[in-house]
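Peer 1: Please see the structure below; I have some questions.
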Amino acid sequence: MINRLLYTFWTNEGNNLENNFVNIQQMVDLFDRSLEKSKEFFEHVVIYTDSGGKDFLEKAGVSDVEYVVLDYSQYKFNKEIWCFPKIITYSLQKERFLHIDMDLILEEKPRNLHEKLLCEKTRPLFQLSTERDFLPEMVKKHFNPINICSGALGGDPAIFKKLFTIASKVADNKNLIVTPEVLFGIEEIILTSIASANNISPAPIDCRFTHYQGYSNKSTERFERWQEEDLIIAD
């Protein structure tokens, strides 16, 4: 059973506090709501961040939580690949975990925390396009058209250590033009291929939740909340 829920807040030492949100305040509001719910359902809630991120969150009032402060400069990766710090967080785990995005709010505790690989949902990806030619041959060989969605990820740490090993081989490519296809490939396609190679079926988290930036299993409610609460998230 998973008792450890994680977040990653990489700010490039305070130079990217918005984290792709429209503005900082909206990000803080959503993060705070997500944290409050997560603390209801999990014994250990931990934020992995850099020194700039910890200073900012503490000043914003996000203090009643455990922090792990990392020096991301020790890792070689193209800073445009903003999902790679999450992959670093996954790789450091020694016990089963669930990691969620700061704009994903759990409405109840997931009922299937025993699964080997948990994800937000699965979705079809019909083919490997030419934009994904940067992916290693191992990934192409074990490509699975039913891909995970990474708003929530967790399970067996061994799977995620393999993800880090493979993703590290491409994340430091300074000549790689970073597009949504690249970000999707480095995290989601690689992880799905690892699962496929090891005969592991990803299990979507079994609970009600709202993901403001992406999917909601109550999509009409998602848009109603955007209207009522003025929580507009950048594409």
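Chain labels run A, B, ... following the order of the structure tokens; each chain numbers its residues from 1, and ligands are numbered from 1 in the order shown.
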How close does range 142-192 of chain A get to range 8-17 of chain A? List, as a Markdown table, each residue of range 142-192 of chain A within 12 Å, its nearest atom pair and the distance in Å to one decimal, counting only C-alpha atoms.
Peer 2:
```
| residue | atom | partner | partner_atom | distance |
| --- | --- | --- | --- | --- |
| A:Gly151 | CA | A:Thr8 | CA | 11.4 |
| A:Ala152 | CA | A:Thr8 | CA | 11.6 |
| A:Leu153 | CA | A:Thr8 | CA | 11.9 |
```
Peer 1: Neighbouring residues of range 115-129 of chain A were defined as those with any atom within 7 Å, considering only C-alpha atoms; residues of the same chain fewer than 3 positions away were excluded. Please report them as a PyMOL selection string.
Peer 2: chain A and resi 112+132+145-156+202-205
Peer 1: Quick one: residues within 6 Å of range 25-34 of chain A, only C-alpha atoms counted, chain neighbours fewer than 3 positions away excluded, as a list of chain:residue names?
Peer 2: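 In the requested format, the answer is A:Lys37, A:Met102, A:Asp103, A:Ile105.
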Peer 1: With C-alpha atoms retained, write the just-selected residues as a tab-separated table (two decimals), in the first residue's frame.
Peer 2:
```tsv
chain	number	residue	atom	x	y	z
A	37	LYS	CA	-6.66	17.33	-0.01
A	102	MET	CA	0.33	20.51	-8.32
A	103	ASP	CA	-2.89	21.27	-10.20
A	105	ILE	CA	-6.75	17.70	-6.74
```
Peer 1: For each of A:Val62, A:Phe41, A:Glu80, A:His99, take the minimum atom-to-atom distance to Leu5 in chain A, counting only C-alpha atoms, then give the residue where this is smallest.
Peer 2: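 Comparing A:Val62, A:Phe41, A:Glu80, A:His99 against Leu5 in chain A, the winner is A:His99.
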Peer 1: Looking at only C-alpha atoms, which of A:Leu183, A:Ala171, A:Val178, A:Ile189 is the one that sits closest to Phe77 in chain A?
Peer 2: A:Ala171
Peer 1: Using DSSP assignments from the backbone, pull out every residue in range 30-133 of chain A that falls under strand (DSSP E or B) and give it to me as a list in words.
Peer 2: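 DSSP-assigned strand (DSSP E or B) residues in range 30-133 of chain A: His44, Val45, Val46, Ile47, Tyr48, Thr49, Glu66, Tyr67, Val68, Val69, Phe97, Leu98, His99, Ile100, Leu104, Ile105, Leu106, Leu117, Leu118, Cys119, Glu120, Lys121, Thr122, Arg123 and Pro124 of chain A.
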Peer 1: Interatomic distance between CA of His44 in chain A and CA of Asn3 in chain A?
Peer 2: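 Here the two named atoms are 6.2 Å from each other.
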Peer 1: Quick one: DSSP helix (DSSP H, G or I) residues in range 39-185 of chain A, as a ChimeraX atom specification?
Peer 2: /A:39-41,51-59,72-74,84-91,130-132,137-141,157-171,180-185
Peer 1: So which one's closest to Asp71 in chain A, A:Phe56, A:Leu191, A:Thr49, A:Cys83? Using only C-alpha atoms, please.
Peer 2: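 Distance minimum relative to Asp71 in chain A lands on A:Thr49.
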Peer 1: Given only C-alpha atoms as the basis, pick out the residue of A:Gln93, A:Ala158, A:Arg4, A:Ala197 nearest to Phe42 in chain A.
Peer 2: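 Of all the options, A:Arg4 lies closest to Phe42 in chain A.
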Peer 1: If you count only C-alpha atoms, which residues fall within 10 Å of Met138 in chain A, apart from same-chain ones fewer than 2 positions away, as a PyMOL selection string?
Peer 2: chain A and resi 135-136+140-143+166+190+193-194+197
Peer 1: Between CA of Thr210 in chain A and CA of Gly61 in chain A, what is the spacing in Å?
Peer 2: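 CA of Thr210 in chain A lies at a distance of 22.9 Å from CA of Gly61 in chain A.
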Peer 1: For Val65 in chain A, work out the shell of residues within 10 Å, counting only C-alpha atoms and skipping chain neighbours fewer than 6 positions away, then give it as a list in words.
Peer 2: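 Using only C-alpha atoms, the neighbours found are Leu35, Glu36, Lys39, His44, Val45, Val46, Ile47 and Glu58 of chain A.
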Peer 1: Include N, CA and C atoms and write out the residues we just selected as a PDB file, in the first residue's frame.
Peer 2:
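Below is the file part-v6.pdb, written as the result:
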```
ATOM      1  N   LEU A  35      -2.611  20.306  -2.024  1.00  0.00           N
ATOM      2  CA  LEU A  35      -1.915  19.847  -0.832  1.00  0.00           C
ATOM      3  C   LEU A  35      -2.877  19.538   0.318  1.00  0.00           C
ATOM      4  N   GLU A  36      -3.841  20.411   0.516  1.00  0.00           N
ATOM      5  CA  GLU A  36      -4.780  20.203   1.620  1.00  0.00           C
ATOM      6  C   GLU A  36      -5.539  18.892   1.458  1.00  0.00           C
ATOM      7  N   LYS A  39      -3.130  15.808   1.999  1.00  0.00           N
ATOM      8  CA  LYS A  39      -2.812  15.552   3.402  1.00  0.00           C
ATOM      9  C   LYS A  39      -3.952  14.842   4.133  1.00  0.00           C
ATOM     10  N   HIS A  44       2.309  10.657   4.446  1.00  0.00           N
ATOM     11  CA  HIS A  44       3.499  11.443   4.117  1.00  0.00           C
ATOM     12  C   HIS A  44       3.262  12.196   2.810  1.00  0.00           C
ATOM     13  N   VAL A  45       3.321  13.535   2.871  1.00  0.00           N
ATOM     14  CA  VAL A  45       3.199  14.388   1.686  1.00  0.00           C
ATOM     15  C   VAL A  45       4.492  15.195   1.591  1.00  0.00           C
ATOM     16  N   VAL A  46       5.188  15.072   0.467  1.00  0.00           N
ATOM     17  CA  VAL A  46       6.539  15.622   0.334  1.00  0.00           C
ATOM     18  C   VAL A  46       6.651  16.427  -0.956  1.00  0.00           C
ATOM     19  N   ILE A  47       7.257  17.602  -0.851  1.00  0.00           N
ATOM     20  CA  ILE A  47       7.538  18.433  -2.035  1.00  0.00           C
ATOM     21  C   ILE A  47       9.027  18.363  -2.330  1.00  0.00           C
ATOM     22  N   GLU A  58       7.440  28.715   1.174  1.00  0.00           N
ATOM     23  CA  GLU A  58       7.338  29.040   2.601  1.00  0.00           C
ATOM     24  C   GLU A  58       6.834  30.464   2.799  1.00  0.00           C
TER      25      GLU A  58
END
```
Peer 1: Go through A:Val170, A:Ile81, A:Asn175, A:Glu43 one by one, measure the shortest atom-to-atom distance of each to Phe97 in chain A using only C-alpha atoms, and give the residue with the smallest value.
Peer 2: A:Glu43
